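K.L.:
Sharing a structure here in structure tokens format.
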Amino acid sequence: MKILIVGAGGFIGGHLLEEILKNHRNWHVIAIDINADKISHLLADENINFFKIDILQDSIEKHVRDCDVVLPLAAIASPAVYVTDPLRVFELDFEANLQIIKWAVKYEKRVIFPSTSEVYGMCEDEEFREDESNCVTGPVCKQRWIYSCSKQMLDRVIYAHGLKNNLNYTLFRPFNWIGPKLDDISNSDNGSSRVVTQFLSNIVHEKDIKLVGGGNQIRSFTDVSDAIGALIKIIKNENNCATRQIFNIGNPNNQASIKNLAHEILDLAKKYDRLKSLAEKIKIVEINPHEYYGKGYQDVAYRVPSIERAEALLQWKPKVPLKESLQKIMDSLFKTTSK
Ligand code: NAD
Ligand code: UGA
């Protein structure tokens with residue numbers, strides 16, 4: 001199988017590449033990204049061809065034509081940017097990815113597309129279900145929703161191509177996947193990375209941890225090793241188990257408030273030599289959402305997936321508890337640990 005991964009140098013792409021090159025030696029990967037820093041150690045492998053391409057500038061039509069399966073993972077996935085530069089989010093997350101989908105339809109290729117937990121937005125269901133839960137976004141002046149809307153529109157386009165043109169697709173919806181190399185820890189500006197990296201970089205830079213809106217909002221954190229397990233099953237697609245399906249890929253057992261997450265991370269930090277004295281000085285404080293992200297921000301209070309479908313069709317179940325996942329991330333960054 002020849003797999004095209006666009007955005008292969010990112011968090012998910014990098015972990016997926018590592019797993020494929022380690023355990024799926026009969027697969028060949030065409031990897032595309034503007035940045036290969038996180039995957040440079042993998043590029044000498046004969047099972048991968050890397051192309052440094054900006055998909056906003058150059059066509060990748062020939063690469064779509066030449067593969068069997070395409071995973072278009074390139075996107076902006078940081079909430080701060082949805083507010084500060086919504087048009088860039090639209091151009092990359094929607095327009096550039098729509099073009100890839102059109103090529104996949106033209107050349108009859110299989111598409112595995114990353115939707116997002118964010119499509120459910122402010123849905124009030126206790127567990128979000130792929131075919132039942134409403135997708136609830138806010139008013140246009142809340143620019144945060146441009147990411148959710150871009151992804152939702154692509155979900156709908158892909159679904160429609162499945163019905164009309166027989167497009168062979170799978171949509172997967174990550175729920176706050178976390179792991180080593182999630183984002184860049186060197187920048188600690190407000191909103192410079194997703195929450196786990198943000199809190200760690202705050203500690204490293206000796207800045208207080210900020211709970212946006214008080215920190216009672218709930219997320220379900222999913223260890224990237226569990227998540228990649230689901231992706232591999234989707235790629236394998238045994239007995240067409242993933243064909244024209246939408247899957248929530250998350251860990252409902254790892255639901256936590258952002259406040260609890262902050263305390264958990266700060267407590268763990270005290271066990272690492274490099275962080276101990278910093279963590280003892282840092283406070284956890286509350287901050288107004290508009291002060292932190294700007295006026296175009298609106299938060300998701302509650303986000304927990306139903307994963308019944310992934311359990312039933314993919315025979316997949318996440319295993320890694322949140323604390324273990326946080327420890328793995330911190331070990332990868334700060335090495336010396338005492339449990
Ligand atoms: P990431 O930001 O780590 O990776 C995105 C990659 O795309 C980066 O390596 C970046 O260099 C590349 N890229 C950006 N612009 C590009 C361009 N113009 N041309 C070529 N490459 C470009 O994101 P991620 O966490 O790996 O997410 C991958 C996909 O999964 C995204 O579509 C994201 O929306 C979706 N997703 C992720 C999560 C999560 O928990 N990580 C949750 C929901 C959805
Ligand atoms: C994320 C991003 O939109 C995407 O990466 C992705 O598609 C999706 O959700 C997902 O991973 O499933 P969100 O969970 O809101 O959205 O983003 P984070 O930056 O990880 O923030 C989580 C929560 O922590 C938010 O409520 C945010 O306000 C809060 N937060 C963040 C703080 O309280 N303090 C901070 O310093 C940073």
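Chain labels follow the order of the structure tokens: the first chain is A, the next B, and so on; residue numbering restarts at 1 in every chain, and ligands are counted from 1 in their shown order.
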Can you list, as a PyMOL selection string, every protein, DNA or RNA residue that comes within 8 Å of Pro174 in chain A when you count only C-alpha atoms, leaving out same-chain residues fewer than 5 positions away?
P.N.:
chain A and resi 114-117+227+248-250
K.L.:
Around ligand 1, at most 7 Å away and counting only C-alpha atoms and all ligand atoms, which residues are there? Put them as an MDAnalysis selection string, please.
P.N.:
chainID A and resid 6:13 32:35 53:56 72:77 92:93 114:117 173:178 182:183
K.L.:
Within 8 Å of ligand 2, counting only C-alpha atoms and all ligand atoms, which protein or nucleic acid residues do you find, written as an MDAnalysis selection string?
P.N.:
chainID A and resid 77:80 115:118 147:148 173:177 190:191 193:196 198:199 209:215 217:219 258:259 289 299:301
K.L.:
What would the file look like if the residues just selected were written as a PDB file, in the first residue's frame with C-alpha atoms?
P.N.:
```pdb
ATOM      1  CA  ALA A  77      -5.150  23.284  14.893  1.00  0.00           C
ATOM      2  CA  SER A  78      -4.450  25.941  17.535  1.00  0.00           C
ATOM      3  CA  PRO A  79      -7.470  27.850  18.892  1.00  0.00           C
ATOM      4  CA  ALA A  80      -5.534  31.133  19.281  1.00  0.00           C
ATOM      5  CA  SER A 115     -12.338  15.788  11.270  1.00  0.00           C
ATOM      6  CA  THR A 116     -12.310  17.003  14.876  1.00  0.00           C
ATOM      7  CA  SER A 117     -14.113  16.882  18.200  1.00  0.00           C
ATOM      8  CA  GLU A 118     -14.621  20.601  17.578  1.00  0.00           C
ATOM      9  CA  TYR A 147     -12.024  25.850  12.377  1.00  0.00           C
ATOM     10  CA  SER A 148     -15.042  23.812  13.426  1.00  0.00           C
ATOM     11  CA  ARG A 173     -12.558  12.778  14.981  1.00  0.00           C
ATOM     12  CA  PRO A 174      -9.650  13.146  17.405  1.00  0.00           C
ATOM     13  CA  PHE A 175     -10.582  14.191  20.942  1.00  0.00           C
ATOM     14  CA  ASN A 176      -7.594  16.086  22.393  1.00  0.00           C
ATOM     15  CA  TRP A 177      -4.857  13.661  21.421  1.00  0.00           C
ATOM     16  CA  ASN A 190      -0.681  32.873  25.705  1.00  0.00           C
ATOM     17  CA  GLY A 191      -2.286  30.426  23.270  1.00  0.00           C
ATOM     18  CA  SER A 193       0.190  25.812  21.861  1.00  0.00           C
ATOM     19  CA  ARG A 194      -2.479  23.360  22.884  1.00  0.00           C
ATOM     20  CA  VAL A 195      -3.181  23.138  26.573  1.00  0.00           C
ATOM     21  CA  VAL A 196      -0.800  20.409  27.818  1.00  0.00           C
ATOM     22  CA  GLN A 198       1.079  25.387  27.086  1.00  0.00           C
ATOM     23  CA  PHE A 199       1.055  24.473  30.777  1.00  0.00           C
ATOM     24  CA  ILE A 209      -0.544  28.716  34.688  1.00  0.00           C
ATOM     25  CA  LYS A 210      -3.691  30.439  33.483  1.00  0.00           C
ATOM     26  CA  LEU A 211      -7.125  28.853  33.672  1.00  0.00           C
ATOM     27  CA  VAL A 212      -9.181  30.395  30.897  1.00  0.00           C
ATOM     28  CA  GLY A 213     -12.639  31.231  32.252  1.00  0.00           C
ATOM     29  CA  GLY A 214     -11.943  29.443  35.538  1.00  0.00           C
ATOM     30  CA  GLY A 215     -10.874  26.037  34.248  1.00  0.00           C
ATOM     31  CA  GLN A 217     -14.327  23.121  31.128  1.00  0.00           C
ATOM     32  CA  ILE A 218     -13.973  19.386  30.440  1.00  0.00           C
ATOM     33  CA  ARG A 219     -11.822  17.667  27.832  1.00  0.00           C
ATOM     34  CA  ILE A 258      -8.669  22.024  32.796  1.00  0.00           C
ATOM     35  CA  LYS A 259      -8.252  22.999  36.449  1.00  0.00           C
ATOM     36  CA  PRO A 289     -11.211  34.282  28.030  1.00  0.00           C
ATOM     37  CA  ASP A 299     -15.139  28.036  24.738  1.00  0.00           C
ATOM     38  CA  VAL A 300     -16.416  24.487  24.728  1.00  0.00           C
ATOM     39  CA  ALA A 301     -17.589  23.727  28.266  1.00  0.00           C
TER      40      ALA A 301
END
```
K.L.:
Using only C-alpha atoms, which residues sit within 12 Å of Met153 in chain A once same-chain residues fewer than 3 positions away are excluded, as a list of chain:residue names?
P.N.:
A:Phe90, A:Asp93, A:Phe94, A:Glu95, A:Asn97, A:Leu98, A:Ser115, A:Thr116, A:Val119, A:Cys135, A:Trp145, A:Ile146, A:Tyr147, A:Ser148, A:Cys149, A:Ser150, A:Arg156, A:Val157, A:Ile158, A:Tyr159, A:Ala160
K.L.:
Could you turn the residues from that selection into a file that holds N, CA and C atoms, as a tab-separated table (two decimals), in the first residue's frame?
P.N.:
```
chain	number	residue	atom	x	y	z
A	90	PHE	N	-9.08	29.19	7.24
A	90	PHE	CA	-9.99	28.81	6.16
A	90	PHE	C	-9.22	28.35	4.92
A	93	ASP	N	-7.13	24.93	6.18
A	93	ASP	CA	-7.93	23.82	6.71
A	93	ASP	C	-9.09	23.47	5.78
A	94	PHE	N	-9.65	24.50	5.11
A	94	PHE	CA	-10.76	24.20	4.20
A	94	PHE	C	-10.32	24.15	2.73
A	95	GLU	N	-9.88	25.30	2.21
A	95	GLU	CA	-9.66	25.36	0.76
A	95	GLU	C	-8.60	24.38	0.27
A	97	ASN	N	-7.44	21.71	1.66
A	97	ASN	CA	-7.85	20.32	1.86
A	97	ASN	C	-8.98	19.92	0.92
A	98	LEU	N	-9.86	20.88	0.60
A	98	LEU	CA	-10.93	20.58	-0.37
A	98	LEU	C	-10.31	20.17	-1.71
A	115	SER	N	-11.34	14.83	10.81
A	115	SER	CA	-12.34	15.79	11.27
A	115	SER	C	-11.88	16.23	12.66
A	116	THR	N	-12.75	16.56	13.55
A	116	THR	CA	-12.31	17.00	14.88
A	116	THR	C	-13.46	16.93	15.87
A	119	VAL	N	-16.15	19.77	15.83
A	119	VAL	CA	-17.37	19.91	15.02
A	119	VAL	C	-18.61	19.86	15.91
A	135	CYS	N	-24.20	19.54	15.85
A	135	CYS	CA	-22.97	20.34	15.74
A	135	CYS	C	-23.37	21.77	16.07
A	145	TRP	N	-14.98	29.64	15.76
A	145	TRP	CA	-15.70	28.55	15.12
A	145	TRP	C	-15.34	28.33	13.67
A	146	ILE	N	-14.44	29.16	13.12
A	146	ILE	CA	-14.10	28.98	11.69
A	146	ILE	C	-13.40	27.63	11.47
A	147	TYR	N	-12.68	27.17	12.47
A	147	TYR	CA	-12.02	25.85	12.38
A	147	TYR	C	-13.08	24.75	12.36
A	148	SER	N	-13.98	24.81	13.33
A	148	SER	CA	-15.04	23.81	13.43
A	148	SER	C	-15.87	23.78	12.13
A	149	CYS	N	-16.24	24.98	11.64
A	149	CYS	CA	-17.06	25.06	10.43
A	149	CYS	C	-16.30	24.55	9.20
A	150	SER	N	-15.00	24.88	9.12
A	150	SER	CA	-14.20	24.41	7.98
A	150	SER	C	-14.16	22.89	7.97
A	156	ARG	N	-18.94	17.17	5.42
A	156	ARG	CA	-20.18	17.06	4.63
A	156	ARG	C	-19.88	16.85	3.14
A	157	VAL	N	-18.84	17.52	2.64
A	157	VAL	CA	-18.45	17.35	1.23
A	157	VAL	C	-17.99	15.90	1.00
A	158	ILE	N	-17.17	15.41	1.91
A	158	ILE	CA	-16.65	14.04	1.77
A	158	ILE	C	-17.79	13.02	1.83
A	159	TYR	N	-18.68	13.23	2.79
A	159	TYR	CA	-19.85	12.35	2.93
A	159	TYR	C	-20.67	12.34	1.64
A	160	ALA	N	-20.88	13.53	1.08
A	160	ALA	CA	-21.68	13.65	-0.15
A	160	ALA	C	-20.98	12.95	-1.32
```
K.L.:
Counting only C-alpha atoms, what is within 12 Å of His161 in chain A, bar same-chain residues fewer than 3 positions away, as an MDAnalysis selection string?
P.N.:
chainID A and resid 98 101:106 108:111 154:158 164:170 244
K.L.:
Would you kindly return, as number ranges by chain, each protein, DNA or RNA residue with an atom no farther than 12 Å from any atom of Asn23 in chain A, considering only C-alpha atoms and excluding same-chain residues fewer than 4 positions away?
P.N.:
A: 16-19, 27-28, 47, 229, 232
K.L.:
Could you state the separation of CA of Phe172 in chain A and CA of Val64 in chain A in Å, given to one decimal place?
P.N.:
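Rounded to one decimal, the two atoms are 19.7 Å apart.
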K.L.:
From range 68-128 of chain A, collect each residue whose DSSP state is strand (DSSP E or B) and return the set as JSON, numbers by chain.
P.N.:
{"A": [69, 70, 71, 72, 110, 111, 112, 113, 114, 121, 128]}
K.L.:
Would you put the residues from that selection into a file with all heavy atoms, as a CSV table (one decimal), in the first residue's frame?
P.N.:
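The resulting file, result.csv, is shown below:
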```
chain,number,residue,atom,x,y,z
A,69,VAL,N,-3.9,5.5,-0.8
A,69,VAL,CA,-4.7,6.2,0.3
A,69,VAL,C,-4.1,7.5,0.6
A,69,VAL,O,-2.8,7.6,0.7
A,69,VAL,CB,-4.5,5.3,1.6
A,69,VAL,CG1,-5.5,5.9,2.7
A,69,VAL,CG2,-4.8,3.9,1.3
A,70,VAL,N,-4.9,8.5,0.8
A,70,VAL,CA,-4.4,9.8,1.2
A,70,VAL,C,-4.9,10.2,2.6
A,70,VAL,O,-6.1,10.1,2.9
A,70,VAL,CB,-4.6,10.9,0.1
A,70,VAL,CG1,-6.1,11.0,-0.2
A,70,VAL,CG2,-4.2,12.3,0.6
A,71,LEU,N,-4.0,10.7,3.4
A,71,LEU,CA,-4.3,11.3,4.7
A,71,LEU,C,-4.0,12.8,4.7
A,71,LEU,O,-2.8,13.1,4.9
A,71,LEU,CB,-3.6,10.6,5.9
A,71,LEU,CG,-4.1,9.2,6.3
A,71,LEU,CD1,-3.4,8.1,5.6
A,71,LEU,CD2,-3.9,9.1,7.8
A,72,PRO,N,-4.9,13.7,4.5
A,72,PRO,CA,-4.6,15.1,4.5
A,72,PRO,C,-4.6,15.7,5.9
A,72,PRO,O,-5.6,16.1,6.4
A,72,PRO,CB,-5.7,15.7,3.6
A,72,PRO,CG,-6.7,14.6,3.3
A,72,PRO,CD,-6.4,13.4,4.2
A,110,ARG,N,-8.7,6.3,-1.9
A,110,ARG,CA,-9.3,6.3,-0.6
A,110,ARG,C,-8.8,7.5,0.2
A,110,ARG,O,-7.6,7.9,0.2
A,110,ARG,CB,-8.8,5.0,0.1
A,110,ARG,CG,-9.5,4.8,1.4
A,110,ARG,CD,-9.4,3.3,1.9
A,110,ARG,NE,-9.9,3.4,3.2
A,110,ARG,CZ,-9.2,2.9,4.3
A,110,ARG,NH1,-8.1,2.4,4.2
A,110,ARG,NH2,-9.8,3.0,5.5
A,111,VAL,N,-9.7,8.1,1.0
A,111,VAL,CA,-9.3,9.3,1.8
A,111,VAL,C,-9.6,9.0,3.3
A,111,VAL,O,-10.7,8.4,3.6
A,111,VAL,CB,-10.2,10.5,1.5
A,111,VAL,CG1,-10.0,11.6,2.4
A,111,VAL,CG2,-10.0,10.9,0.0
A,112,ILE,N,-8.6,9.2,4.1
A,112,ILE,CA,-8.8,9.1,5.6
A,112,ILE,C,-8.6,10.6,6.1
A,112,ILE,O,-7.5,11.1,6.2
A,112,ILE,CB,-7.8,8.2,6.2
A,112,ILE,CG1,-8.0,6.8,5.6
A,112,ILE,CG2,-8.0,8.1,7.7
A,112,ILE,CD1,-7.0,5.7,6.0
A,113,PHE,N,-9.7,11.2,6.5
A,113,PHE,CA,-9.7,12.6,6.8
A,113,PHE,C,-9.8,12.9,8.3
A,113,PHE,O,-10.7,12.4,8.9
A,113,PHE,CB,-10.8,13.3,6.0
A,113,PHE,CG,-10.7,14.8,6.2
A,113,PHE,CD1,-9.7,15.6,5.6
A,113,PHE,CD2,-11.7,15.5,7.0
A,113,PHE,CE1,-9.7,17.0,5.8
A,113,PHE,CE2,-11.6,16.8,7.2
A,113,PHE,CZ,-10.6,17.6,6.6
A,114,PRO,N,-9.0,13.8,8.8
A,114,PRO,CA,-9.1,14.2,10.2
A,114,PRO,C,-10.2,15.3,10.4
A,114,PRO,O,-9.9,16.4,10.1
A,114,PRO,CB,-7.7,14.8,10.6
A,114,PRO,CG,-7.2,15.3,9.3
A,114,PRO,CD,-7.8,14.5,8.2
A,121,GLY,N,-18.8,21.2,18.8
A,121,GLY,CA,-18.8,22.5,19.4
A,121,GLY,C,-19.4,22.5,20.8
A,121,GLY,O,-19.0,21.8,21.6
A,128,PHE,N,-20.8,12.6,22.9
A,128,PHE,CA,-21.1,13.0,21.5
A,128,PHE,C,-21.1,11.7,20.6
A,128,PHE,O,-20.1,10.9,20.7
A,128,PHE,CB,-20.0,13.9,21.0
A,128,PHE,CG,-19.9,15.2,21.8
A,128,PHE,CD1,-18.8,16.1,21.7
A,128,PHE,CD2,-20.9,15.6,22.7
A,128,PHE,CE1,-18.7,17.3,22.4
A,128,PHE,CE2,-20.8,16.8,23.5
A,128,PHE,CZ,-19.7,17.6,23.3
```
